[in-house]
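Shown next, in structure tokens, is the structure this report addresses.
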Amino acid sequence: MEIYIHLPFCKAKCQYCDFNSYAACDSATIYSYLAALCREIKFAGAQYGRAKIDSVYIGGGTPSMLEAKQILSVCRVLNENFDLSGVKEFSIEANPESISEDKLAAYVEAGIDRISIGVQSLDDRNLRSVGRLHDRNTALKKLELAGKYFKNVSADLIIGLPYDNAGLIKSEIDELSDLVSHMSVYQLTLEEGTSLKKRADEGRVWLPSDDEVAEFMDIAIDALAARGFERYEVSNFAKGGEISRHNMGYWTREEYIGLGAGSHSFLKTADGCAPLPAEIRFSHPRDINAYIGGINCVDSFDKIPRAEISVLNKTDILNEQIMLGLRTTKGVKESLLEGKIPPELERFFIRADGRIALNRRGMEVMNGILVRILML
């Protein structure tokens with residue numbers, strides 16, 4: 001079983017971001033949220049009998065914005081209510097501007113052994129254009145500092161920002177490759193309701209075309225391969241086998257408990273050992289105050305108000321196995337796709353050792369392929 005903890009606080013909202021995050025919250029709100037979160041952790045621990053946990057991921061928002069003692073407190077409560085003795089990976093997300101040596105030392109003290117840093121770009125014009133709070137030099141400096149505390153350091157990079165070009169993408173990969181063992185490389189998506197989409201729709205910001213972004217992504221993939229990074233999922237690349245074990249658990253449909261506002265859970269068992277009547281997915285309300293109120297008005301995990309609850313049938317489970325499995329380079333068992341792939345789509349697949357996976361071009365058009373496969 002895995003655990004995800006959501007800390008939804010940021011200093012400022014990036015212009016492309018539609019994550020469940022909130023900027024400029026006062027200290028009282030943060031305190032109330034953390035108190036509710038620790039209360040939920042205790043409820044979950046009681047519900048699942050101090051279950052043995054394989055991985056923990058603290059995400060956001062910007063977890064590194066919080067004080068070191070606040071992270072230590074959350075981790076202490078987690079350790080008191082779950083069995084973390086067998087944790088294979090304990091990650092925390094951070095942004096360069098809020099990383100400090102004291103915080104890094106506290107993370108290590110808390111048992112965290114992996115840090116994922118939101119670099120996004122090494123071009124100051126790009127960073128300013130989307131509202132990032134750090135600059136190129138800060139990103140490089142903080143990556144180097146993180147490397148003194150963590151063997152496993154990951155960096156996020158966005159492809160398709162306003163000032164991207166082929167040379168810049170190549171140079172970013174080359175510079176970051178010397179400082180990290182893992183990279184998540186995402187294509188920019190203009191999400192509804194974000195300020196960047198509004199600016200783009202109004203013609204106030206120029207973005208690379210789809211063809212240019214595809215070219216930049218190819219350059220990034222080749223540059224990563226040349227630097228020893230192996231692609232193991234659509235957007236993720238690892239050197240020396242340092243994959244994100246927690247995220248891989250999502251794609252292989254491992255059970256996980258989501259704690260915090262807007263978090264999601266996926267469970268196949270009722271209490272850590274007894275099978276449920278069916279696999280279920282559920283989520284918390286996204287609103288901070290709704291989450292806090294919902295936690296504080298109950299006395300057990302199963303009474304917490306849920307924003308959504310889905311009971312998965314056999315078709316849902318099969319579709320998930322295909323959709324999530326094909327995100328990875330390992331793919332899925334061939335039997336799952338028997339009779340589902342039209343002949344004209346075969347060129348996008350690789351078959352080997354009883355498994356089938358998307359090739360490089362297939363991953364580029366994965367969404368369209370999934371629509372065709374799951375309609376058959």
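Every chain in the structure tokens has a letter given in the order shown (A, B, ...), and although residue numbers restart at 1 in each chain, ligands are simply numbered from 1 in the order shown.
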Step one, run DSSP on the backbone; step two, keep only residues of stretch 31-169 of chain A assigned to strand (DSSP E); then write them as a PyMOL selection string. chain A and resi 55-60+89-94+114-120+152-159
Write to file, as a PDB file, in the first residue's frame, the residues of the selection just made, with N, CA and C atoms.
ATOM      1  N   SER A  55       5.520   3.020  -0.072  1.00  0.00           N
ATOM      2  CA  SER A  55       6.067   4.311  -0.492  1.00  0.00           C
ATOM      3  C   SER A  55       5.186   5.436   0.035  1.00  0.00           C
ATOM      4  N   VAL A  56       5.804   6.592   0.228  1.00  0.00           N
ATOM      5  CA  VAL A  56       5.101   7.796   0.670  1.00  0.00           C
ATOM      6  C   VAL A  56       5.496   8.929  -0.259  1.00  0.00           C
ATOM      7  N   TYR A  57       4.498   9.758  -0.623  1.00  0.00           N
ATOM      8  CA  TYR A  57       4.773  10.905  -1.483  1.00  0.00           C
ATOM      9  C   TYR A  57       4.065  12.126  -0.907  1.00  0.00           C
ATOM     10  N   ILE A  58       4.827  13.169  -0.578  1.00  0.00           N
ATOM     11  CA  ILE A  58       4.260  14.429  -0.102  1.00  0.00           C
ATOM     12  C   ILE A  58       4.277  15.406  -1.268  1.00  0.00           C
ATOM     13  N   GLY A  59       3.069  15.757  -1.753  1.00  0.00           N
ATOM     14  CA  GLY A  59       2.976  16.614  -2.926  1.00  0.00           C
ATOM     15  C   GLY A  59       2.132  17.848  -2.656  1.00  0.00           C
ATOM     16  N   GLY A  60       1.961  18.651  -3.689  1.00  0.00           N
ATOM     17  CA  GLY A  60       1.229  19.913  -3.487  1.00  0.00           C
ATOM     18  C   GLY A  60       0.734  20.505  -4.773  1.00  0.00           C
ATOM     19  N   GLU A  89      10.598   4.053  -0.709  1.00  0.00           N
ATOM     20  CA  GLU A  89      10.809   5.386  -1.272  1.00  0.00           C
ATOM     21  C   GLU A  89       9.921   6.374  -0.525  1.00  0.00           C
ATOM     22  N   PHE A  90      10.502   7.501  -0.126  1.00  0.00           N
ATOM     23  CA  PHE A  90       9.760   8.534   0.606  1.00  0.00           C
ATOM     24  C   PHE A  90      10.113   9.865  -0.056  1.00  0.00           C
ATOM     25  N   SER A  91       9.165  10.406  -0.820  1.00  0.00           N
ATOM     26  CA  SER A  91       9.432  11.581  -1.649  1.00  0.00           C
ATOM     27  C   SER A  91       8.743  12.829  -1.123  1.00  0.00           C
ATOM     28  N   ILE A  92       9.339  13.970  -1.446  1.00  0.00           N
ATOM     29  CA  ILE A  92       8.703  15.256  -1.191  1.00  0.00           C
ATOM     30  C   ILE A  92       8.936  16.172  -2.385  1.00  0.00           C
ATOM     31  N   GLU A  93       7.917  16.953  -2.740  1.00  0.00           N
ATOM     32  CA  GLU A  93       8.053  17.940  -3.802  1.00  0.00           C
ATOM     33  C   GLU A  93       8.575  19.251  -3.224  1.00  0.00           C
ATOM     34  N   ALA A  94       9.309  19.992  -4.046  1.00  0.00           N
ATOM     35  CA  ALA A  94       9.872  21.265  -3.599  1.00  0.00           C
ATOM     36  C   ALA A  94      10.027  22.199  -4.794  1.00  0.00           C
ATOM     37  N   ARG A 114      13.951  11.060  -1.069  1.00  0.00           N
ATOM     38  CA  ARG A 114      13.876  11.476  -2.481  1.00  0.00           C
ATOM     39  C   ARG A 114      13.216  12.850  -2.552  1.00  0.00           C
ATOM     40  N   ILE A 115      13.749  13.730  -3.397  1.00  0.00           N
ATOM     41  CA  ILE A 115      13.171  15.058  -3.555  1.00  0.00           C
ATOM     42  C   ILE A 115      12.926  15.339  -5.037  1.00  0.00           C
ATOM     43  N   SER A 116      11.745  15.881  -5.332  1.00  0.00           N
ATOM     44  CA  SER A 116      11.371  16.221  -6.709  1.00  0.00           C
ATOM     45  C   SER A 116      11.239  17.742  -6.796  1.00  0.00           C
ATOM     46  N   ILE A 117      12.071  18.359  -7.606  1.00  0.00           N
ATOM     47  CA  ILE A 117      12.171  19.816  -7.631  1.00  0.00           C
ATOM     48  C   ILE A 117      11.553  20.370  -8.916  1.00  0.00           C
ATOM     49  N   GLY A 118      10.649  21.331  -8.759  1.00  0.00           N
ATOM     50  CA  GLY A 118       9.949  21.935  -9.891  1.00  0.00           C
ATOM     51  C   GLY A 118      10.788  22.994 -10.578  1.00  0.00           C
ATOM     52  N   VAL A 119      11.692  22.566 -11.420  1.00  0.00           N
ATOM     53  CA  VAL A 119      12.545  23.505 -12.161  1.00  0.00           C
ATOM     54  C   VAL A 119      11.753  24.157 -13.293  1.00  0.00           C
ATOM     55  N   GLN A 120      11.133  23.326 -14.129  1.00  0.00           N
ATOM     56  CA  GLN A 120      10.264  23.712 -15.258  1.00  0.00           C
ATOM     57  C   GLN A 120      11.019  24.324 -16.426  1.00  0.00           C
ATOM     58  N   ASN A 152      18.791  10.525  -4.528  1.00  0.00           N
ATOM     59  CA  ASN A 152      17.744  10.477  -5.548  1.00  0.00           C
ATOM     60  C   ASN A 152      17.092  11.850  -5.665  1.00  0.00           C
ATOM     61  N   VAL A 153      17.506  12.622  -6.658  1.00  0.00           N
ATOM     62  CA  VAL A 153      16.966  13.956  -6.920  1.00  0.00           C
ATOM     63  C   VAL A 153      16.310  13.947  -8.290  1.00  0.00           C
ATOM     64  N   SER A 154      15.084  14.452  -8.354  1.00  0.00           N
ATOM     65  CA  SER A 154      14.354  14.531  -9.614  1.00  0.00           C
ATOM     66  C   SER A 154      14.078  15.990  -9.961  1.00  0.00           C
ATOM     67  N   ALA A 155      14.020  16.285 -11.254  1.00  0.00           N
ATOM     68  CA  ALA A 155      13.680  17.630 -11.718  1.00  0.00           C
ATOM     69  C   ALA A 155      12.538  17.539 -12.720  1.00  0.00           C
ATOM     70  N   ASP A 156      11.606  18.477 -12.621  1.00  0.00           N
ATOM     71  CA  ASP A 156      10.521  18.607 -13.598  1.00  0.00           C
ATOM     72  C   ASP A 156      10.915  19.628 -14.656  1.00  0.00           C
ATOM     73  N   LEU A 157      10.567  19.336 -15.902  1.00  0.00           N
ATOM     74  CA  LEU A 157      10.825  20.255 -17.021  1.00  0.00           C
ATOM     75  C   LEU A 157       9.589  20.301 -17.902  1.00  0.00           C
ATOM     76  N   ILE A 158       9.169  21.506 -18.261  1.00  0.00           N
ATOM     77  CA  ILE A 158       8.010  21.679 -19.142  1.00  0.00           C
ATOM     78  C   ILE A 158       8.493  22.019 -20.545  1.00  0.00           C
ATOM     79  N   ILE A 159       7.956  21.313 -21.536  1.00  0.00           N
ATOM     80  CA  ILE A 159       8.270  21.551 -22.947  1.00  0.00           C
ATOM     81  C   ILE A 159       7.100  22.307 -23.589  1.00  0.00           C
TER      82      ILE A 159
END
Skipping near chain neighbours, those fewer than 4 positions away, what residues fall within 9 Å of A:Thr329 using only C-alpha atoms, listed as a PyMOL selection string? chain A and resi 231-234+325+357-359
Keeping C-alpha atoms for every residue in the selection just given, could you write it to a file as a CSV table (one decimal), in the first residue's frame?
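Wrote it out as again-v3.csv, contents follow:
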chain,number,residue,atom,x,y,z
A,231,ARG,CA,12.4,6.3,-20.5
A,232,TYR,CA,10.0,4.1,-18.4
A,233,GLU,CA,6.8,6.1,-18.7
A,234,VAL,CA,5.4,8.7,-21.2
A,325,GLY,CA,-0.3,0.1,-18.5
A,357,ALA,CA,3.7,-1.6,-25.4
A,358,LEU,CA,3.5,1.6,-27.4
A,359,ASN,CA,6.6,2.6,-29.3
I'd like the neighbourhood of A:Lys52 as a compact mmCIF listing (two decimals) with C-alpha atoms, in the first residue's frame, where a residue qualifies if any of its atoms comes within 10 Å (using only C-alpha atoms), though same-chain residues fewer than 6 positions away should be ignored.
# COMPACT_ATOMS: atom_id res chain seq x y z
CA MET A 1 0.00 0.00 0.00
CA GLU A 2 1.13 3.54 -0.77
CA PHE A 82 1.46 3.38 9.92
CA ASP A 83 4.27 0.85 9.62
CA LEU A 84 6.96 2.67 7.64
CA SER A 85 9.68 0.13 8.40
CA GLY A 86 9.54 -1.27 4.87
CA VAL A 87 9.19 1.98 2.92
CA GLY A 272 -5.80 -3.84 4.78
Can you list, as a PyMOL selection string, every residue of stretch 84-316 of chain A that DSSP puts in alpha helix (DSSP H)? chain A and resi 101-109+124-129+136-147+166-177+195-201+210-226+245-251+288-296+314-316
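You can rank A:Gly258, A:Gly362, A:Gly339, A:Gly368 by their closest distance to A:Ile3 using only C-alpha atoms, and at the top of that list sits A:Gly258.
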Nearest to A:Ser27, chosen from A:Tyr256, A:Leu345, A:Gly111, A:Phe9, with only C-alpha atoms counted in the distances: A:Phe9
Which polymer residues have any atom within 12 Å of an atom of A:Pro342, counting only C-alpha atoms, with same-chain residues fewer than 4 positions away left out, as an MDAnalysis selection string? chainID A and resid 337:338 346:349 369:376
What's around stretch 294-308 of chain A at 12 Å? Count only C-alpha atoms, leave out sequence neighbours fewer than 2 positions away in its own chain, and write the answer as a ChimeraX atom specification. /A:32-49,257-266,270-271,280-292,310-311
Using only C-alpha atoms, find each residue in stretch 149-267 of chain A having at least one atom no more than 6 Å away from stretch 15-25 of chain A; report its shortest atom-to-atom pair and that distance in Å (one decimal), rows by chain then rising number, as a Markdown table.
| residue | atom | partner | partner_atom | distance |
| --- | --- | --- | --- | --- |
| A:Thr194 | CA | A:Tyr16 | CA | 5.7 |
| A:Ser195 | CA | A:Gln15 | CA | 5.1 |
| A:Leu196 | CA | A:Gln15 | CA | 4.9 |
So that I have them on file, write out the residues from the current selection with N, CA and C atoms, as a PDB file, in the first residue's frame.
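Result file follows (part_6.pdb):
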ATOM      1  N   THR A 194      -7.079  28.669 -16.370  1.00  0.00           N
ATOM      2  CA  THR A 194      -5.770  29.186 -15.979  1.00  0.00           C
ATOM      3  C   THR A 194      -5.503  30.509 -16.680  1.00  0.00           C
ATOM      4  N   SER A 195      -4.683  31.339 -16.047  1.00  0.00           N
ATOM      5  CA  SER A 195      -4.385  32.652 -16.633  1.00  0.00           C
ATOM      6  C   SER A 195      -3.566  32.524 -17.912  1.00  0.00           C
ATOM      7  N   LEU A 196      -2.744  31.470 -18.013  1.00  0.00           N
ATOM      8  CA  LEU A 196      -1.954  31.299 -19.240  1.00  0.00           C
ATOM      9  C   LEU A 196      -2.858  30.998 -20.432  1.00  0.00           C
TER      10      LEU A 196
END
Excluding A:Gly241 and residues on its chain fewer than 2 positions from it, collect all residues at most 9 Å away from it, counting only C-alpha atoms, and give them as a list of chain:residue names.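 Here the answer would be A:Ser181, A:His182, A:Phe229, A:Glu230, A:Ala238, A:Lys239, A:Ile243.
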Selection to disk with N, CA and C atoms, as a CSV table (one decimal), in the first residue's frame:
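The resulting file, part.csv, is shown below:
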chain,number,residue,atom,x,y,z
A,181,SER,N,19.1,12.3,-10.9
A,181,SER,CA,19.0,10.9,-11.4
A,181,SER,C,17.7,10.6,-12.0
A,182,HIS,N,16.8,11.6,-12.0
A,182,HIS,CA,15.4,11.3,-12.6
A,182,HIS,C,14.9,12.6,-13.2
A,229,PHE,N,19.7,8.4,-19.4
A,229,PHE,CA,18.3,8.3,-18.9
A,229,PHE,C,17.4,7.4,-19.7
A,230,GLU,N,16.8,6.5,-19.0
A,230,GLU,CA,16.0,5.5,-19.7
A,230,GLU,C,14.5,5.9,-19.5
A,238,ALA,N,14.7,7.8,-16.1
A,238,ALA,CA,15.5,7.5,-14.9
A,238,ALA,C,16.9,7.1,-15.3
A,239,LYS,N,17.9,7.5,-14.5
A,239,LYS,CA,19.3,7.1,-14.7
A,239,LYS,C,19.6,6.2,-13.5
A,243,ILE,N,13.8,5.1,-10.7
A,243,ILE,CA,12.5,5.4,-11.1
A,243,ILE,C,11.7,6.0,-9.9
List the spatial neighbours of A:Leu133 as a PDB file with N, CA and C atoms, in the first residue's frame - criterion: any atom at most 9 Å away, only C-alpha atoms, same-chain residues fewer than 2 positions off excluded.
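What ended up in selection-v7.pdb:
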ATOM      1  N   LYS A  11       3.238  29.929  -2.578  1.00  0.00           N
ATOM      2  CA  LYS A  11       3.444  31.377  -2.427  1.00  0.00           C
ATOM      3  C   LYS A  11       2.675  32.132  -3.499  1.00  0.00           C
ATOM      4  N   ALA A  12       2.621  31.562  -4.691  1.00  0.00           N
ATOM      5  CA  ALA A  12       1.888  32.183  -5.798  1.00  0.00           C
ATOM      6  C   ALA A  12       1.446  31.084  -6.743  1.00  0.00           C
ATOM      7  N   CYS A  14       1.112  29.499 -10.271  1.00  0.00           N
ATOM      8  CA  CYS A  14       1.709  29.589 -11.613  1.00  0.00           C
ATOM      9  C   CYS A  14       0.612  29.713 -12.655  1.00  0.00           C
ATOM     10  N   ASN A  95      10.019  23.486  -4.513  1.00  0.00           N
ATOM     11  CA  ASN A  95      10.344  24.493  -5.516  1.00  0.00           C
ATOM     12  C   ASN A  95      11.649  25.176  -5.126  1.00  0.00           C
ATOM     13  N   PRO A  96      12.458  25.558  -6.094  1.00  0.00           N
ATOM     14  CA  PRO A  96      13.795  26.087  -5.782  1.00  0.00           C
ATOM     15  C   PRO A  96      13.810  27.247  -4.798  1.00  0.00           C
ATOM     16  N   GLU A  97      12.848  28.181  -4.947  1.00  0.00           N
ATOM     17  CA  GLU A  97      12.903  29.396  -4.120  1.00  0.00           C
ATOM     18  C   GLU A  97      12.660  29.137  -2.643  1.00  0.00           C
ATOM     19  N   LEU A 127      10.590  31.415 -17.262  1.00  0.00           N
ATOM     20  CA  LEU A 127      10.166  31.384 -15.865  1.00  0.00           C
ATOM     21  C   LEU A 127       9.306  32.595 -15.522  1.00  0.00           C
ATOM     22  N   ARG A 128       9.718  33.764 -15.973  1.00  0.00           N
ATOM     23  CA  ARG A 128       8.925  34.975 -15.706  1.00  0.00           C
ATOM     24  C   ARG A 128       7.586  34.931 -16.428  1.00  0.00           C
ATOM     25  N   GLY A 131       5.044  32.890 -14.420  1.00  0.00           N
ATOM     26  CA  GLY A 131       4.843  33.213 -13.019  1.00  0.00           C
ATOM     27  C   GLY A 131       5.641  32.395 -12.027  1.00  0.00           C
ATOM     28  N   ASP A 135      14.688  31.854 -10.425  1.00  0.00           N
ATOM     29  CA  ASP A 135      15.382  32.077 -11.687  1.00  0.00           C
ATOM     30  C   ASP A 135      16.329  30.905 -11.951  1.00  0.00           C
TER      31      ASP A 135
END
